2 protein chains.
Amino acid sequence: MASLLIRDVVVEGRRTNIFCENGRIAAIDDLPRAADSVLEGRGMLAMPPLINSHTHSAMTLFRGNGDDLPLMEWLETKVWPYEQGITEEEVYWGAKLACLEMVKNGIGFFNDMYWDFHAVARAVEETGLRAHLSAVFIDFGDAARAKEQERTNIRLFEEVRQYSDRIRFAVGPHAIYTVTEPALRWAAEFTAEHDIILHTHLSETEQEVRDCHAQHGCSPVEYLHRLGMLSPRLVAAHTIWLSEEDIRLLGEHRVVCAHNPVSNMKLAVNGVYPYSKLKDAGAVTAIATDGAGSNNNLDLLEELKVAALLQKFHNNDPTALPAEEALDMAIENPAHVFGLSGKKLFVGREADILLIDLGKPEMNPPHSLASHLVYSANGSVVDSLVVDGRVLMEHRVVEGEEEIVAKANEAAGRMVARVDETVS
Amino acid sequence: MASLLIRDVVVEGRRTNIFCENGRIAAIDDLPRAADSVLEGRGMLAMPPLINSHTHSAMTLFRGNGDDLPLMEWLETKVWPYEQGITEEEVYWGAKLACLEMVKNGIGFFNDMYWDFHAVARAVEETGLRAHLSAVFIDFGDAARAKEQERTNIRLFEEVRQYSDRIRFAVGPHAIYTVTEPALRWAAEFTAEHDIILHTHLSETEQEVRDCHAQHGCSPVEYLHRLGMLSPRLVAAHTIWLSEEDIRLLGEHRVVCAHNPVSNMKLAVNGVYPYSKLKDAGAVTAIATDGAGSNNNLDLLEELKVAALLQKFHNNDPTALPAEEALDMAIENPAHVFGLSGKKLFVGREADILLIDLGKPEMNPPHSLASHLVYSANGSVVDSLVVDGRVLMEHRVVEGEEEIVAKANEAAGRMVARVDETVS
């Protein structure tokens, strides 16, 4: 594997060089070193890339198609009809567009849930990002379908080996209201046995909590606890409508709670992610974009700002979710569960490195890096992205960008036209 | 004045050219034309620049210095000590940094309130933007100081003529709790007489409303009404804590209400701008960044997204403040009061033109332009900015950018060091 020298870059306040070899950081020092390629880092800060803990990557195809609608109307008139006929090729181009956008926004890893596992895996493989990918596991209460889904998941768990180590398989039961109890138990056991991520939606709406009480006599979190699903390998998206006991359980089991403030506010699910309570209880709080259908971008720096604003606003407290803690939701907190090394750059860790352009007006005056990243910056302050020792974006240029946008637009056009034809 | 041809650009869905001459749009057509300079618009959409209806431009110097603090602690330990000793030169460089950042974010006009009128005016003049600038009118209940402020304002109203037509003088009484009643009456009369903007903060906090009732026996809006300040030339920043009668009065007098959702959420002033009620009542609702001290950037596209999210969240209604209406808050609604021509590009209007890069991943697939601008884009989708027929940014390049950032950083450093020396 090729070596890379990132030259004259700021690492924790000091100008130095970073030498990467065999996908690892091999040195951080000022010694002269020969490398296969050089990335100029002058005026840049080096830090680990951002981690997107919950998204539906290919839903970039839905961006801007059906905003400002009530949730059910959006799902019934847009999302579901489109997904009905969506092809593997369309998912592939949607995922490519998402990967492109994430690279441009400095996201080095994402945790995904979508149809057509191999389409998304191919997109990730080609782009060079890291990802944990789950096929959507939905059985709608049908035992035969549940069994078929289990077989599919077992097969995909084997087939993921055809890709590089950057891509891991995760089991992604959609939610408690779309997956049967035996299938959820199976998912818990399978992921425990193979030590892989279990990825689901949890307590997103009040309705979900009410229905769960009616059907199972307990909250969604208690229900997952009963099924053995709570663990530090569970990534639970949303976790908004929680009781004190739910929060205690999520903390005790060190569940990774993926917070999607933009999607939550845009869809008006109303409740607010109980950040400080979850943190105090011991849960891992992570930031995420959700899919582009309900965001509508994949910009984690913007997401951090909205997260901090929402906590301050909701708690009537300007000190809630300060910048340093917010930033941890994008790197330090979720790193461990996804097999990454956290917010410090050090010799021996994976060669995943983000360069931030410190010369941008919005990054100045240089009073506070964390504050600027959370409150002032957006993804456009990212100058370059290195993942696994490979440069995915160099000074804002990503190879093949124009083609990806053009092909994704064609795919979206076909997807929409198919539904419109059916309707008319 | 030089002529400019913007070539092969999209205007309302059609590829064409825009020819600017003498600061006006002279033609929108495909005829061959000789021009002094050419701006390549291929792959770009042309639209009018964004309007920032309330900011304190030089407060870029405060960016990231004192976040996550309670409002009074921030003011007492940061803002006021810094402002105590701030020099004209420092304000100038702070305003230059703000102008640079606004240019990069596609803002062609801003309505400002800050100390050192001429420092800000010089910055605007050099940058090429348009602005209505007010000195901060504060008398803290001191009649002599009020008189002195009146004289200063009369003088500045004369002195503004030394600048180009792009810069207008406005009278900016800070707020009802920092300015005496005779001075407020004077401001109302002076601005009416000269047909200029009256710019103030209004009903930002619950405390302000409570104090006003205790002192004047009415709400802040009713108090301004009593003083003859309500008119279509009044730009009132915040307008959050409003009664039904307040809303009726603001609507009846077609007051321009400048909404600053990021600042409001970040400082946790708690209440929410009553968008639909103000709109229905007939008030002009405009978007604004407030100062960079409490935002922390000057990005109106981000601000629009937060505005829409906050309305949806607060009203528990995903259909609240849809994208098209949000976008109007940045162009169409406030244009008239500031002497601009609104959201349509047409022959004869001022040559203020923004180019949006339609090739950016976050602007695709091209399902909805308004949705993409509000929910997906940020200021970095702006490729070029033309104001008064002059190109202020060409393909993201602004002349002198590095120097402005460096000098603003030096100015901020001096400002902070002065206070730290005093403290120690």
# chains A, B, ... in the order shown; residues from 1 in each chain; ligands from 1
>>> closest_atom_pairs(of="chain A", to="chain B", cutoff="6 Å", atoms="only C-alpha atoms", output="CSV")
residue,atom,partner,partner_atom,distance
A:Gly64,CA,B:Ser371,CA,5.4
A:Asn65,CA,B:His367,CA,5.7
A:Asp68,CA,B:Thr319,CA,4.4
A:Leu69,CA,B:Thr319,CA,5.3
A:Pro70,CA,B:Pro318,CA,5.5
A:Glu101,CA,B:Pro361,CA,5.8
A:Met265,CA,B:Phe313,CA,4.8
A:Lys266,CA,B:Leu309,CA,5.3
A:Leu267,CA,B:Pro318,CA,5.2
A:Ala268,CA,B:Phe313,CA,4.9
A:Asn270,CA,B:Asn316,CA,5.7
A:Asn296,CA,B:Ser376,CA,4.8
A:Asn297,CA,B:Ser376,CA,4.7
A:Leu309,CA,B:Lys266,CA,5.3
A:Lys312,CA,B:Ala268,CA,5.7
A:Phe313,CA,B:Met265,CA,4.8
A:Asn316,CA,B:Ala268,CA,5.1
A:Asp317,CA,B:Ala268,CA,5.7
A:Pro318,CA,B:Leu267,CA,5.2
A:Thr319,CA,B:Asp68,CA,4.4
A:Pro322,CA,B:Asp68,CA,5.5
A:Pro361,CA,B:Glu101,CA,5.7
A:Pro365,CA,B:Asn409,CA,4.8
A:His367,CA,B:Gly64,CA,5.6
A:Ser368,CA,B:Gly64,CA,5.5
A:Ser371,CA,B:Gly64,CA,5.4
A:Tyr375,CA,B:Asn296,CA,5.4
A:Ser376,CA,B:Asn297,CA,4.7
A:Asn409,CA,B:Pro365,CA,4.8
>>> residues_around(residues="B:Gly339", least_positions_apart="6", cutoff="12 Å", atoms="only C-alpha atoms", output="PyMOL selection string")
chain B and resi 51+109+111+130-132+165-168+195-197+233+331-333+349-350
>>> write_last_selection(atoms="N, CA and C atoms", output="JSON list (two decimals), in the first residue's frame")
[["chain", "number", "residue", "atom", "x", "y", "z"],
["B", 51, "ILE", "N", -30.57, 39.28, 1.49],
["B", 51, "ILE", "CA", -30.66, 40.52, 2.28],
["B", 51, "ILE", "C", -30.60, 40.16, 3.76],
["B", 109, "PHE", "N", -26.69, 42.84, 0.60],
["B", 109, "PHE", "CA", -27.11, 44.01, 1.39],
["B", 109, "PHE", "C", -27.22, 43.62, 2.85],
["B", 111, "ASN", "N", -28.31, 45.36, 6.91],
["B", 111, "ASN", "CA", -28.82, 46.45, 7.74],
["B", 111, "ASN", "C", -28.12, 46.34, 9.09],
["B", 130, "ARG", "N", -23.93, 46.76, -0.48],
["B", 130, "ARG", "CA", -24.89, 47.80, -0.10],
["B", 130, "ARG", "C", -25.21, 47.63, 1.38],
["B", 131, "ALA", "N", -25.48, 48.74, 2.07],
["B", 131, "ALA", "CA", -25.86, 48.63, 3.48],
["B", 131, "ALA", "C", -26.60, 49.87, 3.94],
["B", 132, "HIS", "N", -27.49, 49.67, 4.89],
["B", 132, "HIS", "CA", -28.02, 50.76, 5.68],
["B", 132, "HIS", "C", -27.33, 50.67, 7.03],
["B", 165, "ASP", "N", -23.83, 55.82, -3.30],
["B", 165, "ASP", "CA", -25.26, 55.58, -3.08],
["B", 165, "ASP", "C", -25.57, 54.23, -2.47],
["B", 166, "ARG", "N", -24.58, 53.33, -2.49],
["B", 166, "ARG", "CA", -24.81, 52.00, -1.93],
["B", 166, "ARG", "C", -24.99, 52.05, -0.41],
["B", 167, "ILE", "N", -24.50, 53.13, 0.20],
["B", 167, "ILE", "CA", -24.54, 53.24, 1.65],
["B", 167, "ILE", "C", -25.55, 54.30, 2.08],
["B", 168, "ARG", "N", -26.47, 53.91, 2.95],
["B", 168, "ARG", "CA", -27.45, 54.86, 3.47],
["B", 168, "ARG", "C", -27.35, 54.92, 4.99],
["B", 195, "ASP", "N", -37.27, 60.26, 5.50],
["B", 195, "ASP", "CA", -37.64, 59.00, 4.83],
["B", 195, "ASP", "C", -36.50, 57.99, 4.87],
["B", 196, "ILE", "N", -35.95, 57.77, 6.05],
["B", 196, "ILE", "CA", -34.88, 56.78, 6.19],
["B", 196, "ILE", "C", -35.29, 55.71, 7.22],
["B", 197, "ILE", "N", -34.49, 54.66, 7.28],
["B", 197, "ILE", "CA", -34.81, 53.50, 8.12],
["B", 197, "ILE", "C", -34.61, 53.82, 9.61],
["B", 233, "ARG", "N", -41.11, 51.87, 7.71],
["B", 233, "ARG", "CA", -39.66, 52.13, 7.72],
["B", 233, "ARG", "C", -38.99, 51.65, 8.99],
["B", 331, "ILE", "N", -35.25, 37.66, 0.54],
["B", 331, "ILE", "CA", -35.14, 38.50, -0.67],
["B", 331, "ILE", "C", -36.41, 39.32, -0.86],
["B", 332, "GLU", "N", -37.50, 38.67, -1.19],
["B", 332, "GLU", "CA", -38.71, 39.38, -1.62],
["B", 332, "GLU", "C", -39.28, 40.28, -0.52],
["B", 333, "ASN", "N", -39.43, 39.74, 0.68],
["B", 333, "ASN", "CA", -40.10, 40.52, 1.73],
["B", 333, "ASN", "C", -39.36, 41.80, 2.13],
["B", 349, "ARG", "N", -33.64, 46.84, -13.50],
["B", 349, "ARG", "CA", -33.41, 46.83, -12.05],
["B", 349, "ARG", "C", -31.91, 46.95, -11.75],
["B", 350, "GLU", "N", -31.57, 47.17, -10.47],
["B", 350, "GLU", "CA", -30.18, 47.27, -10.05],
["B", 350, "GLU", "C", -29.45, 45.98, -10.43]]
>>> residues_around(residues="B:Glu89", least_positions_apart="2", cutoff="8 Å", atoms="only C-alpha atoms", output="PyMOL selection string")
chain B and resi 87+91-93+119+411
>>> write_last_selection(atoms="N, CA and C atoms", output="PDB file, in the first residue's frame")
ATOM      1  N   THR B  87     -11.232  50.136  19.270  1.00  0.00           N
ATOM      2  CA  THR B  87     -10.824  51.302  18.485  1.00  0.00           C
ATOM      3  C   THR B  87     -11.523  51.328  17.129  1.00  0.00           C
ATOM      4  N   VAL B  91     -12.833  48.149  14.775  1.00  0.00           N
ATOM      5  CA  VAL B  91     -14.192  48.034  14.222  1.00  0.00           C
ATOM      6  C   VAL B  91     -14.119  47.900  12.697  1.00  0.00           C
ATOM      7  N   TYR B  92     -13.232  48.692  12.103  1.00  0.00           N
ATOM      8  CA  TYR B  92     -13.074  48.648  10.648  1.00  0.00           C
ATOM      9  C   TYR B  92     -12.706  47.226  10.180  1.00  0.00           C
ATOM     10  N   TRP B  93     -11.729  46.604  10.842  1.00  0.00           N
ATOM     11  CA  TRP B  93     -11.310  45.272  10.395  1.00  0.00           C
ATOM     12  C   TRP B  93     -12.364  44.214  10.721  1.00  0.00           C
ATOM     13  N   ALA B 119     -16.120  53.765  10.379  1.00  0.00           N
ATOM     14  CA  ALA B 119     -15.308  52.550  10.226  1.00  0.00           C
ATOM     15  C   ALA B 119     -16.075  51.504   9.418  1.00  0.00           C
ATOM     16  N   ALA B 411      -6.595  42.603  14.933  1.00  0.00           N
ATOM     17  CA  ALA B 411      -7.485  43.535  15.637  1.00  0.00           C
ATOM     18  C   ALA B 411      -8.167  42.838  16.816  1.00  0.00           C
TER      19      ALA B 411
END
>>> residues_around(residues="B:Val10", least_positions_apart="3", cutoff="7 Å", atoms="only C-alpha atoms", output="list of chain:residue names")
B:Gly13, B:Arg14, B:Arg15, B:Thr16, B:Met44, B:Leu45, B:Ala46
>>> write_last_selection(atoms="N, CA and C atoms", output="PDB file, in the first residue's frame")
ATOM      1  N   GLY B  13     -35.120  29.196 -15.121  1.00  0.00           N
ATOM      2  CA  GLY B  13     -35.240  27.946 -15.860  1.00  0.00           C
ATOM      3  C   GLY B  13     -34.691  27.960 -17.277  1.00  0.00           C
ATOM      4  N   ARG B  14     -34.246  29.128 -17.769  1.00  0.00           N
ATOM      5  CA  ARG B  14     -33.812  29.240 -19.157  1.00  0.00           C
ATOM      6  C   ARG B  14     -32.359  29.690 -19.220  1.00  0.00           C
ATOM      7  N   ARG B  15     -31.558  29.076 -20.083  1.00  0.00           N
ATOM      8  CA  ARG B  15     -30.160  29.491 -20.252  1.00  0.00           C
ATOM      9  C   ARG B  15     -30.091  30.722 -21.121  1.00  0.00           C
ATOM     10  N   THR B  16     -29.427  31.760 -20.616  1.00  0.00           N
ATOM     11  CA  THR B  16     -29.364  33.018 -21.358  1.00  0.00           C
ATOM     12  C   THR B  16     -28.144  33.820 -20.885  1.00  0.00           C
ATOM     13  N   MET B  44     -24.608  27.612 -13.680  1.00  0.00           N
ATOM     14  CA  MET B  44     -25.010  28.465 -12.556  1.00  0.00           C
ATOM     15  C   MET B  44     -26.435  28.971 -12.740  1.00  0.00           C
ATOM     16  N   LEU B  45     -27.061  29.248 -11.624  1.00  0.00           N
ATOM     17  CA  LEU B  45     -28.355  29.903 -11.606  1.00  0.00           C
ATOM     18  C   LEU B  45     -28.164  31.346 -11.158  1.00  0.00           C
ATOM     19  N   ALA B  46     -28.798  32.285 -11.835  1.00  0.00           N
ATOM     20  CA  ALA B  46     -28.740  33.693 -11.420  1.00  0.00           C
ATOM     21  C   ALA B  46     -29.991  34.064 -10.643  1.00  0.00           C
TER      22      ALA B  46
END
>>> select_by_dssp(residues="stretch 30-212 of chain B", states="helix (DSSP H, G or I)", output="count of residues only")
90
>>> closest_residue(among="A:Gly251, A:Pro334, A:Pro81, A:Pro274", to="A:Ala288", atoms="only C-alpha atoms")
A:Pro334
>>> residues_around(residues="B:Ala188", least_positions_apart="6", cutoff="9 Å", atoms="only C-alpha atoms", output="VMD selection string")
chain B and resid 171 198 227 to 230 234
>>> write_last_selection(atoms="C-alpha atoms", output="short mmCIF file (atom, residue, chain, number, x, y, z; two decimals), in the first residue's frame")
data_model
loop_
_atom_site.label_atom_id
_atom_site.label_comp_id
_atom_site.auth_asym_id
_atom_site.auth_seq_id
_atom_site.Cartn_x
_atom_site.Cartn_y
_atom_site.Cartn_z
CA VAL B 171 -31.14 55.89 12.91
CA LEU B 198 -35.45 53.37 11.86
CA LEU B 227 -44.19 57.37 20.40
CA GLY B 228 -45.06 57.25 16.70
CA MET B 229 -42.28 54.79 15.88
CA LEU B 230 -44.35 52.11 14.13
CA LEU B 234 -39.20 50.54 11.16
#
>>> residues_around(residues="B:Leu300", least_positions_apart="6", cutoff="8 Å", atoms="only C-alpha atoms", output="compact mmCIF listing (two decimals) with N, CA and C atoms, in the first residue's frame")
# COMPACT_ATOMS: atom_id res chain seq x y z
N LEU B 50 -28.91 37.81 -1.35
CA LEU B 50 -29.67 37.72 -0.11
C LEU B 50 -29.57 39.03 0.67
N ASN B 52 -29.61 40.70 4.46
CA ASN B 52 -29.44 40.45 5.90
C ASN B 52 -30.03 41.63 6.66
N ASN B 105 -21.06 34.41 1.28
CA ASN B 105 -22.35 33.74 1.50
C ASN B 105 -23.48 34.32 0.66
N ILE B 107 -24.63 37.43 0.33
CA ILE B 107 -25.41 38.54 0.88
C ILE B 107 -24.97 39.82 0.18
N ILE B 287 -35.46 37.79 7.33
CA ILE B 287 -34.50 36.93 8.04
C ILE B 287 -33.23 37.72 8.31
N ALA B 288 -32.50 37.35 9.36
CA ALA B 288 -31.29 38.08 9.71
C ALA B 288 -30.38 37.18 10.53
N THR B 289 -29.09 37.51 10.52
CA THR B 289 -28.12 36.68 11.23
C THR B 289 -27.86 37.16 12.65
N ALA B 330 -35.68 36.22 2.83
CA ALA B 330 -34.30 36.64 2.56
C ALA B 330 -34.19 37.55 1.35
N ASN B 378 -25.80 25.68 1.93
CA ASN B 378 -25.36 26.76 2.81
C ASN B 378 -24.65 27.77 1.91
N GLY B 379 -24.04 28.77 2.52
CA GLY B 379 -23.44 29.85 1.73
C GLY B 379 -22.42 29.39 0.72
>>> closest_residue(among="B:Leu156, B:Ala2, B:Leu184, B:Leu129", to="B:Ala143", atoms="only C-alpha atoms")
B:Leu184
>>> residues_around(residues="A:Ile138", least_positions_apart="4", cutoff="9 Å", atoms="only C-alpha atoms", output="ChimeraX atom specification")
/A:145-146,149,172-175,178-180
>>> write_last_selection(atoms="C-alpha atoms", output="tab-separated table (two decimals), in the first residue's frame")
chain	number	residue	atom	x	y	z
A	145	ARG	CA	-40.84	-13.24	5.51
A	146	ALA	CA	-38.92	-12.95	8.78
A	149	GLN	CA	-34.89	-11.99	5.94
A	172	GLY	CA	-30.65	-3.54	10.80
A	173	PRO	CA	-34.12	-4.44	12.04
A	174	HIS	CA	-36.07	-1.35	10.99
A	175	ALA	CA	-38.12	-0.81	14.18
A	178	THR	CA	-42.18	-3.46	11.53
A	179	VAL	CA	-40.28	-6.53	12.76
A	180	THR	CA	-41.65	-9.57	14.64
